[in-house]
Structure formats: C-alpha cells, structure tokens
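Heads up: the structure comes next, in structure tokens.
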Amino acid sequence: METGKQEILPIIEKTGAYARGHYLMRNGKHTDALLECSHLTENVETAEKLCDALTELCRDCHANLVLGTASGGLIFGYGVAKRLGLPFQYGERRNEGMQLRRGFRIPEGARVLLVEDIVSTGATVQQMMHIAELFGAEVVEVVTVVDRTRGRLHLRVPMKSLIQVEANVYAPTRCPLCQKGIPMSAFAMDVRRNGRENEQA
Ligand SMILES: [Zn+2]
C-alpha cells in the first residue's frame with residue numbers, strides 16, 4: 001500500500017512517537033515537541049506503511065545496498081531493503097561513534113542507501129557516510145522518517161524525509177512554557193522511565 005506524504009503526519013501522531021506539548025528531556029532541558037521514534041514500529045501495520053512510504057522516496061536512487069543504524073534505523077532499513085530487493089547491513093554505536101561490526105563489509109564500489117528513523121544533528125549520518133567511504137563505497141541517498149535538522153544539515157547527497165519536525169529546546173530557567181504555567185506532560189516522563197534512548201537527550 002502506498003501512503004502519500006500528506007497522510008504521514010496523522011499516522012505518526014497516532015503512534016505516540018510525536019506530540020506537541022511541554023516535555024522534560026533526559027538532559028534536564030525542556031522542549032515543546034516529544035519525539036520517541038521507538039513507537040513508530042510498535043504497531044506492525046503502521047511500521048509497514050512507513051516502510052512503504054520511505055521506499056517510495058528512494059525507489060529511483062539506484063542503490064545496491066541498504067545501510068541502517070541500530071537501533072532506530074534497523075527496522076526501517078530492513079523494510080526498505082526488502083521492498084527494493086537489496087542486501088541490508090547496519091552500523092552500531094560504540095564509544096560515541098558508529099561502527100560496522102559483526103563481520104559486515106560494504107563491497108567496494110557499492111552504492112549505498114542510508115536509512116534512519118530520525119536525523120537530528122546529522123552526526124550519525126555523517127559517520128555512516130564516512131564508514132562507506134572507508135570501504136571504497138559511497139552513500140548515494142539518505143532517507144529518514146523524521147527530519148528535525150531544520151534544514152541546517154548540508155550533505156553531499158540528497159536527504160529525504162517523511163516529515164520535518166521543529167522542536168524547540170529551552171533551559172529550564174528560560175522556558176516560555178514554564179513561564180506560561182503550562183504543566184509538564186506526564187506521558188514524556190513515562191516514556192523516559194520505560195523507554196530506550198531518546199534522540200532528544
Ligand atoms: Zn518548561
């Protein structure tokens with residue numbers, strides 16, 4: 001099933017992965033947008049729809065390998081690779097940097113499609129691009145479910161996303177949401193207690 005880009009936001013909001021409000025981040029700062037991408041794949045049918053939509057974004061990129069990033073890009077990377085009929089490998093974070101482990105080797109000259117769930121600073125994407133280059137391959141395109149770079153990330157290759165999200169981050173003492181007396185959302189607290197790494201942290 002194909003899902004147009006304009007249909008994506010309500011689908012993502014329904015998962016609980018994205019909401020606007022007043023949230024406490026792991027680093028103690030406050031934000032007006034909750035982003036917890038683990039919930040994107042909580043419902044299998046929703047995950048499949050998002051994989052369909054991601055695949056439509058990159059169908060013409062002529063890649064011959066899909067590279068994901070653990071853990072957020074694993075399911076989407078696999079889903080896109082399955083739809084494009086391409087092999088799938090993934091990188092993992094170790095000691096603050098991304099690595100290709102488990103005997104994965106990107107073939108020299110490979111055209112790599114990089115798949116992410118969320119791109120915030122772009123550091124992970126750039127590290128994965130560097131890894132591909134070390135193998136003599138090149139990343140030809142990046143696709144992500146959520147782009148929260150606000151257009152500040154400039155890669156040498158196209159980056160496409162299903163939604164773009166602007167999340168403002170505030171020091172607790174200067175938070176306009178606190179100043180307006182808007183209560184902190186309990187939901188984010190629950191996510192933080194029970195959840196995995198939050199990209200905002
Ligand atoms: Zn606040």
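Residue numbers start at 1 in each chain; chains themselves are named A, B, ... in the order of the structure tokens; ligands are numbered from 1 in the order shown.
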Taking only C-alpha atoms and all ligand atoms into account, which residues are within 9 Å of ligand 1, as JSON, numbers by chain?
{"A": [22, 23, 24, 29, 30, 31, 32, 170, 171, 172, 173, 174, 175, 176, 177, 178, 179, 180, 181, 182, 183, 184]}
Would you mind exporting C-alpha atoms of the selected residues as a PDB file, in the first residue's frame?
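Listed below is the output, again_1.pdb:
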ATOM      1  CA  HIS A  22       5.779  20.627  27.265  1.00  0.00           C
ATOM      2  CA  TYR A  23       8.312  17.918  27.968  1.00  0.00           C
ATOM      3  CA  LEU A  24      11.341  17.288  30.142  1.00  0.00           C
ATOM      4  CA  LYS A  29      16.196  20.822  29.335  1.00  0.00           C
ATOM      5  CA  HIS A  30      12.598  21.458  28.310  1.00  0.00           C
ATOM      6  CA  THR A  31      11.118  21.065  24.845  1.00  0.00           C
ATOM      7  CA  ASP A  32       7.843  21.712  23.050  1.00  0.00           C
ATOM      8  CA  TYR A 170      14.845  25.543  26.383  1.00  0.00           C
ATOM      9  CA  ALA A 171      16.925  25.856  29.535  1.00  0.00           C
ATOM     10  CA  PRO A 172      14.522  25.223  32.454  1.00  0.00           C
ATOM     11  CA  THR A 173      15.063  28.750  33.812  1.00  0.00           C
ATOM     12  CA  ARG A 174      14.199  30.322  30.460  1.00  0.00           C
ATOM     13  CA  CYS A 175      11.411  28.016  29.305  1.00  0.00           C
ATOM     14  CA  PRO A 176       8.470  30.021  27.909  1.00  0.00           C
ATOM     15  CA  LEU A 177       6.176  27.061  28.515  1.00  0.00           C
ATOM     16  CA  CYS A 178       7.042  27.121  32.236  1.00  0.00           C
ATOM     17  CA  GLN A 179       6.551  30.894  32.251  1.00  0.00           C
ATOM     18  CA  LYS A 180       3.056  30.410  30.832  1.00  0.00           C
ATOM     19  CA  GLY A 181       2.309  27.859  33.553  1.00  0.00           C
ATOM     20  CA  ILE A 182       1.769  25.023  31.088  1.00  0.00           C
ATOM     21  CA  PRO A 183       2.070  21.764  33.046  1.00  0.00           C
ATOM     22  CA  MET A 184       4.749  19.254  32.080  1.00  0.00           C
TER      23      MET A 184
END
If we count only C-alpha atoms, what is near segment 114-122 of chain A at a cut-off of 7 Å, once residues fewer than 4 positions away on the same chain are taken out, given as a PyMOL selection string?
chain A and resi 37+66-69+72-73+76-77+126+139+141-149+153
I need the chosen residues saved as a PDB file, in the first residue's frame, with N, CA and C atoms.
ATOM      1  N   CYS A  37      10.902   7.834  18.691  1.00  0.00           N
ATOM      2  CA  CYS A  37      10.682   7.097  17.440  1.00  0.00           C
ATOM      3  C   CYS A  37      10.520   5.599  17.629  1.00  0.00           C
ATOM      4  N   VAL A  66      21.500  -1.449   1.197  1.00  0.00           N
ATOM      5  CA  VAL A  66      20.855  -0.578   2.184  1.00  0.00           C
ATOM      6  C   VAL A  66      21.613  -0.701   3.497  1.00  0.00           C
ATOM      7  N   LEU A  67      21.900   0.460   4.074  1.00  0.00           N
ATOM      8  CA  LEU A  67      22.617   0.508   5.345  1.00  0.00           C
ATOM      9  C   LEU A  67      21.713   1.192   6.363  1.00  0.00           C
ATOM     10  N   GLY A  68      21.492   0.522   7.474  1.00  0.00           N
ATOM     11  CA  GLY A  68      20.698   1.110   8.551  1.00  0.00           C
ATOM     12  C   GLY A  68      21.585   1.403   9.746  1.00  0.00           C
ATOM     13  N   THR A  69      20.988   1.982  10.770  1.00  0.00           N
ATOM     14  CA  THR A  69      21.721   2.241  12.001  1.00  0.00           C
ATOM     15  C   THR A  69      20.919   1.669  13.159  1.00  0.00           C
ATOM     16  N   GLY A  72      17.483   2.589  15.893  1.00  0.00           N
ATOM     17  CA  GLY A  72      16.343   3.253  15.277  1.00  0.00           C
ATOM     18  C   GLY A  72      16.149   2.952  13.802  1.00  0.00           C
ATOM     19  N   GLY A  73      17.242   2.804  13.064  1.00  0.00           N
ATOM     20  CA  GLY A  73      17.138   2.604  11.632  1.00  0.00           C
ATOM     21  C   GLY A  73      17.080   1.146  11.204  1.00  0.00           C
ATOM     22  N   PHE A  76      13.394   0.071   9.821  1.00  0.00           N
ATOM     23  CA  PHE A  76      13.096   0.783   8.582  1.00  0.00           C
ATOM     24  C   PHE A  76      14.095   0.412   7.484  1.00  0.00           C
ATOM     25  N   GLY A  77      15.347   0.245   7.861  1.00  0.00           N
ATOM     26  CA  GLY A  77      16.347  -0.163   6.875  1.00  0.00           C
ATOM     27  C   GLY A  77      16.026  -1.524   6.285  1.00  0.00           C
ATOM     28  N   GLN A 126      26.615  11.334   9.035  1.00  0.00           N
ATOM     29  CA  GLN A 126      27.938  11.661   8.510  1.00  0.00           C
ATOM     30  C   GLN A 126      28.964  10.585   8.861  1.00  0.00           C
ATOM     31  N   VAL A 139      27.681   6.579  -0.161  1.00  0.00           N
ATOM     32  CA  VAL A 139      26.264   6.760   0.147  1.00  0.00           C
ATOM     33  C   VAL A 139      25.688   7.664  -0.942  1.00  0.00           C
ATOM     34  N   GLU A 141      22.198   8.278  -1.185  1.00  0.00           N
ATOM     35  CA  GLU A 141      20.993   8.968  -0.722  1.00  0.00           C
ATOM     36  C   GLU A 141      20.721   8.580   0.728  1.00  0.00           C
ATOM     37  N   VAL A 142      20.071   9.502   1.442  1.00  0.00           N
ATOM     38  CA  VAL A 142      19.679   9.252   2.826  1.00  0.00           C
ATOM     39  C   VAL A 142      18.174   9.421   2.910  1.00  0.00           C
ATOM     40  N   VAL A 143      17.494   8.459   3.519  1.00  0.00           N
ATOM     41  CA  VAL A 143      16.062   8.626   3.789  1.00  0.00           C
ATOM     42  C   VAL A 143      15.811   8.417   5.273  1.00  0.00           C
ATOM     43  N   THR A 144      14.905   9.221   5.801  1.00  0.00           N
ATOM     44  CA  THR A 144      14.583   9.145   7.227  1.00  0.00           C
ATOM     45  C   THR A 144      13.096   9.401   7.414  1.00  0.00           C
ATOM     46  N   VAL A 145      12.551   8.814   8.451  1.00  0.00           N
ATOM     47  CA  VAL A 145      11.138   9.070   8.747  1.00  0.00           C
ATOM     48  C   VAL A 145      10.986  10.524   9.201  1.00  0.00           C
ATOM     49  N   VAL A 146      11.807  10.921  10.170  1.00  0.00           N
ATOM     50  CA  VAL A 146      11.694  12.262  10.749  1.00  0.00           C
ATOM     51  C   VAL A 146      12.982  13.042  10.508  1.00  0.00           C
ATOM     52  N   ASP A 147      12.832  14.229   9.991  1.00  0.00           N
ATOM     53  CA  ASP A 147      13.956  15.163   9.829  1.00  0.00           C
ATOM     54  C   ASP A 147      13.728  16.316  10.795  1.00  0.00           C
ATOM     55  N   ARG A 148      14.604  16.420  11.779  1.00  0.00           N
ATOM     56  CA  ARG A 148      14.462  17.566  12.696  1.00  0.00           C
ATOM     57  C   ARG A 148      15.696  18.462  12.638  1.00  0.00           C
ATOM     58  N   THR A 149      16.329  18.509  11.466  1.00  0.00           N
ATOM     59  CA  THR A 149      17.540  19.325  11.302  1.00  0.00           C
ATOM     60  C   THR A 149      17.217  20.781  10.983  1.00  0.00           C
ATOM     61  N   LEU A 153      21.365  20.812   8.036  1.00  0.00           N
ATOM     62  CA  LEU A 153      22.331  19.779   7.655  1.00  0.00           C
ATOM     63  C   LEU A 153      22.531  19.810   6.145  1.00  0.00           C
TER      64      LEU A 153
END
Go through segment 80-194 of chain A and collect every residue that DSSP, computed from the backbone, puts in strand (DSSP E); the answer should be as a PDB file with N, CA and C atoms, in the first residue's frame.
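Just written: result-v6.pdb:
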ATOM      1  N   PHE A  88      20.999  -5.921   3.123  1.00  0.00           N
ATOM      2  CA  PHE A  88      20.881  -4.977   4.232  1.00  0.00           C
ATOM      3  C   PHE A  88      21.977  -5.225   5.256  1.00  0.00           C
ATOM      4  N   GLN A  89      22.671  -4.148   5.603  1.00  0.00           N
ATOM      5  CA  GLN A  89      23.647  -4.192   6.697  1.00  0.00           C
ATOM      6  C   GLN A  89      23.323  -3.049   7.649  1.00  0.00           C
ATOM      7  N   TYR A  90      23.945  -3.095   8.831  1.00  0.00           N
ATOM      8  CA  TYR A  90      23.692  -1.983   9.754  1.00  0.00           C
ATOM      9  C   TYR A  90      24.916  -1.648  10.596  1.00  0.00           C
ATOM     10  N   GLY A  91      24.972  -0.387  10.970  1.00  0.00           N
ATOM     11  CA  GLY A  91      26.018   0.101  11.857  1.00  0.00           C
ATOM     12  C   GLY A  91      25.490   0.223  13.275  1.00  0.00           C
ATOM     13  N   GLU A  92      26.421   0.237  14.226  1.00  0.00           N
ATOM     14  CA  GLU A  92      26.045   0.332  15.643  1.00  0.00           C
ATOM     15  C   GLU A  92      26.902   1.375  16.343  1.00  0.00           C
ATOM     16  N   ARG A  93      26.319   1.975  17.368  1.00  0.00           N
ATOM     17  CA  ARG A  93      27.063   2.976  18.124  1.00  0.00           C
ATOM     18  C   ARG A  93      27.932   2.298  19.175  1.00  0.00           C
ATOM     19  N   ARG A  94      29.222   2.614  19.161  1.00  0.00           N
ATOM     20  CA  ARG A  94      30.149   2.122  20.174  1.00  0.00           C
ATOM     21  C   ARG A  94      31.078   3.256  20.557  1.00  0.00           C
ATOM     22  N   GLY A  97      30.839   6.561  18.757  1.00  0.00           N
ATOM     23  CA  GLY A  97      30.960   6.589  17.299  1.00  0.00           C
ATOM     24  C   GLY A  97      30.261   5.399  16.667  1.00  0.00           C
ATOM     25  N   MET A  98      29.878   5.550  15.393  1.00  0.00           N
ATOM     26  CA  MET A  98      29.238   4.451  14.681  1.00  0.00           C
ATOM     27  C   MET A  98      30.311   3.495  14.153  1.00  0.00           C
ATOM     28  N   GLN A  99      29.989   2.213  14.196  1.00  0.00           N
ATOM     29  CA  GLN A  99      30.897   1.200  13.675  1.00  0.00           C
ATOM     30  C   GLN A  99      30.107   0.165  12.898  1.00  0.00           C
ATOM     31  N   LEU A 100      30.782  -0.452  11.934  1.00  0.00           N
ATOM     32  CA  LEU A 100      30.210  -1.594  11.231  1.00  0.00           C
ATOM     33  C   LEU A 100      30.817  -2.834  11.881  1.00  0.00           C
ATOM     34  N   ARG A 111      26.848   1.271  -4.082  1.00  0.00           N
ATOM     35  CA  ARG A 111      26.032   2.484  -3.989  1.00  0.00           C
ATOM     36  C   ARG A 111      25.067   2.261  -2.825  1.00  0.00           C
ATOM     37  N   VAL A 112      25.265   3.015  -1.782  1.00  0.00           N
ATOM     38  CA  VAL A 112      24.619   2.732  -0.503  1.00  0.00           C
ATOM     39  C   VAL A 112      23.459   3.695  -0.259  1.00  0.00           C
ATOM     40  N   LEU A 113      22.347   3.123   0.128  1.00  0.00           N
ATOM     41  CA  LEU A 113      21.200   3.907   0.594  1.00  0.00           C
ATOM     42  C   LEU A 113      21.195   3.837   2.116  1.00  0.00           C
ATOM     43  N   LEU A 114      21.269   4.985   2.763  1.00  0.00           N
ATOM     44  CA  LEU A 114      21.283   5.035   4.218  1.00  0.00           C
ATOM     45  C   LEU A 114      19.879   5.325   4.739  1.00  0.00           C
ATOM     46  N   VAL A 115      19.404   4.492   5.666  1.00  0.00           N
ATOM     47  CA  VAL A 115      18.035   4.629   6.182  1.00  0.00           C
ATOM     48  C   VAL A 115      18.077   4.893   7.687  1.00  0.00           C
ATOM     49  N   GLU A 116      17.352   5.920   8.103  1.00  0.00           N
ATOM     50  CA  GLU A 116      17.294   6.306   9.519  1.00  0.00           C
ATOM     51  C   GLU A 116      15.836   6.452   9.959  1.00  0.00           C
ATOM     52  N   ASP A 117      15.609   6.419  11.273  1.00  0.00           N
ATOM     53  CA  ASP A 117      14.284   6.764  11.763  1.00  0.00           C
ATOM     54  C   ASP A 117      14.182   8.264  12.015  1.00  0.00           C
ATOM     55  N   ILE A 118      15.244   8.844  12.549  1.00  0.00           N
ATOM     56  CA  ILE A 118      15.240  10.282  12.812  1.00  0.00           C
ATOM     57  C   ILE A 118      16.647  10.835  12.612  1.00  0.00           C
ATOM     58  N   VAL A 119      16.721  11.994  11.998  1.00  0.00           N
ATOM     59  CA  VAL A 119      18.003  12.698  11.859  1.00  0.00           C
ATOM     60  C   VAL A 119      17.874  14.011  12.615  1.00  0.00           C
ATOM     61  N   GLU A 138      30.067   4.448  -1.689  1.00  0.00           N
ATOM     62  CA  GLU A 138      29.535   5.793  -1.465  1.00  0.00           C
ATOM     63  C   GLU A 138      28.062   5.734  -1.107  1.00  0.00           C
ATOM     64  N   VAL A 139      27.681   6.579  -0.161  1.00  0.00           N
ATOM     65  CA  VAL A 139      26.264   6.760   0.147  1.00  0.00           C
ATOM     66  C   VAL A 139      25.688   7.664  -0.942  1.00  0.00           C
ATOM     67  N   VAL A 140      24.632   7.186  -1.617  1.00  0.00           N
ATOM     68  CA  VAL A 140      24.058   7.970  -2.717  1.00  0.00           C
ATOM     69  C   VAL A 140      22.803   8.732  -2.282  1.00  0.00           C
ATOM     70  N   GLU A 141      22.198   8.278  -1.185  1.00  0.00           N
ATOM     71  CA  GLU A 141      20.993   8.968  -0.722  1.00  0.00           C
ATOM     72  C   GLU A 141      20.721   8.580   0.728  1.00  0.00           C
ATOM     73  N   VAL A 142      20.071   9.502   1.442  1.00  0.00           N
ATOM     74  CA  VAL A 142      19.679   9.252   2.826  1.00  0.00           C
ATOM     75  C   VAL A 142      18.174   9.421   2.910  1.00  0.00           C
ATOM     76  N   VAL A 143      17.494   8.459   3.519  1.00  0.00           N
ATOM     77  CA  VAL A 143      16.062   8.626   3.789  1.00  0.00           C
ATOM     78  C   VAL A 143      15.811   8.417   5.273  1.00  0.00           C
ATOM     79  N   THR A 144      14.905   9.221   5.801  1.00  0.00           N
ATOM     80  CA  THR A 144      14.583   9.145   7.227  1.00  0.00           C
ATOM     81  C   THR A 144      13.096   9.401   7.414  1.00  0.00           C
ATOM     82  N   VAL A 145      12.551   8.814   8.451  1.00  0.00           N
ATOM     83  CA  VAL A 145      11.138   9.070   8.747  1.00  0.00           C
ATOM     84  C   VAL A 145      10.986  10.524   9.201  1.00  0.00           C
ATOM     85  N   VAL A 146      11.807  10.921  10.170  1.00  0.00           N
ATOM     86  CA  VAL A 146      11.694  12.262  10.749  1.00  0.00           C
ATOM     87  C   VAL A 146      12.982  13.042  10.508  1.00  0.00           C
ATOM     88  N   ASP A 147      12.832  14.229   9.991  1.00  0.00           N
ATOM     89  CA  ASP A 147      13.956  15.163   9.829  1.00  0.00           C
ATOM     90  C   ASP A 147      13.728  16.316  10.795  1.00  0.00           C
ATOM     91  N   MET A 159      18.977  14.140   1.024  1.00  0.00           N
ATOM     92  CA  MET A 159      18.341  13.523   2.186  1.00  0.00           C
ATOM     93  C   MET A 159      16.843  13.789   2.091  1.00  0.00           C
ATOM     94  N   LYS A 160      16.062  12.720   2.123  1.00  0.00           N
ATOM     95  CA  LYS A 160      14.613  12.836   2.001  1.00  0.00           C
ATOM     96  C   LYS A 160      13.962  12.335   3.292  1.00  0.00           C
ATOM     97  N   SER A 161      12.831  12.931   3.645  1.00  0.00           N
ATOM     98  CA  SER A 161      12.167  12.545   4.891  1.00  0.00           C
ATOM     99  C   SER A 161      10.663  12.488   4.675  1.00  0.00           C
ATOM    100  N   LEU A 162       9.991  11.756   5.560  1.00  0.00           N
ATOM    101  CA  LEU A 162       8.533  11.704   5.510  1.00  0.00           C
ATOM    102  C   LEU A 162       7.923  12.919   6.185  1.00  0.00           C
ATOM    103  N   ILE A 163       8.499  13.353   7.286  1.00  0.00           N
ATOM    104  CA  ILE A 163       8.042  14.604   7.914  1.00  0.00           C
ATOM    105  C   ILE A 163       9.251  15.393   8.421  1.00  0.00           C
ATOM    106  N   GLN A 164       9.076  16.708   8.454  1.00  0.00           N
ATOM    107  CA  GLN A 164      10.065  17.584   9.080  1.00  0.00           C
ATOM    108  C   GLN A 164       9.434  18.134  10.361  1.00  0.00           C
ATOM    109  N   VAL A 169      14.118  23.760  22.088  1.00  0.00           N
ATOM    110  CA  VAL A 169      14.688  23.277  23.343  1.00  0.00           C
ATOM    111  C   VAL A 169      15.036  24.487  24.212  1.00  0.00           C
ATOM    112  N   TYR A 170      14.661  24.394  25.496  1.00  0.00           N
ATOM    113  CA  TYR A 170      14.845  25.543  26.383  1.00  0.00           C
ATOM    114  C   TYR A 170      15.574  25.128  27.659  1.00  0.00           C
TER     115      TYR A 170
END
Pick out each residue of segment 3-73 of chain A that DSSP on the backbone tags as alpha helix (DSSP H); I need them as a VMD selection string.
chain A and resid 8 to 15 44 to 58
With 9 Å as the cut-off and only C-alpha atoms counted, what is the closest atom pair between each nearby residue of segment 41-108 of chain A and segment 14-20 of chain A? Distances in Å to one decimal, ordered by chain and number, as JSON lines.
{"residue": "A:Thr41", "atom": "CA", "partner": "A:Thr15", "partner_atom": "CA", "distance": 8.2}
{"residue": "A:Glu42", "atom": "CA", "partner": "A:Thr15", "partner_atom": "CA", "distance": 7.5}
{"residue": "A:Asn43", "atom": "CA", "partner": "A:Thr15", "partner_atom": "CA", "distance": 7.6}
{"residue": "A:Thr46", "atom": "CA", "partner": "A:Thr15", "partner_atom": "CA", "distance": 8.0}
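Taking only C-alpha atoms into account, Arg83 of chain A lies nearest to A:Glu48 out of the set A:Glu36, A:Glu7, A:Glu48, A:Glu108.
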Which is closest to Gly109 of chain A among A:Leu50, A:Met128, A:Ala63, A:Leu40, if we use only C-alpha atoms?
A:Ala63
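Proximity to Asp52 of chain A was assessed for A:Leu34, A:Ala81, A:Arg101, A:Ile106 counting only C-alpha atoms; the smallest distance is recorded for A:Ala81.
Across the model, the gap from atom CA of Ala110 of chain A to atom CA of Phe135 of chain A is 8.8 Å.
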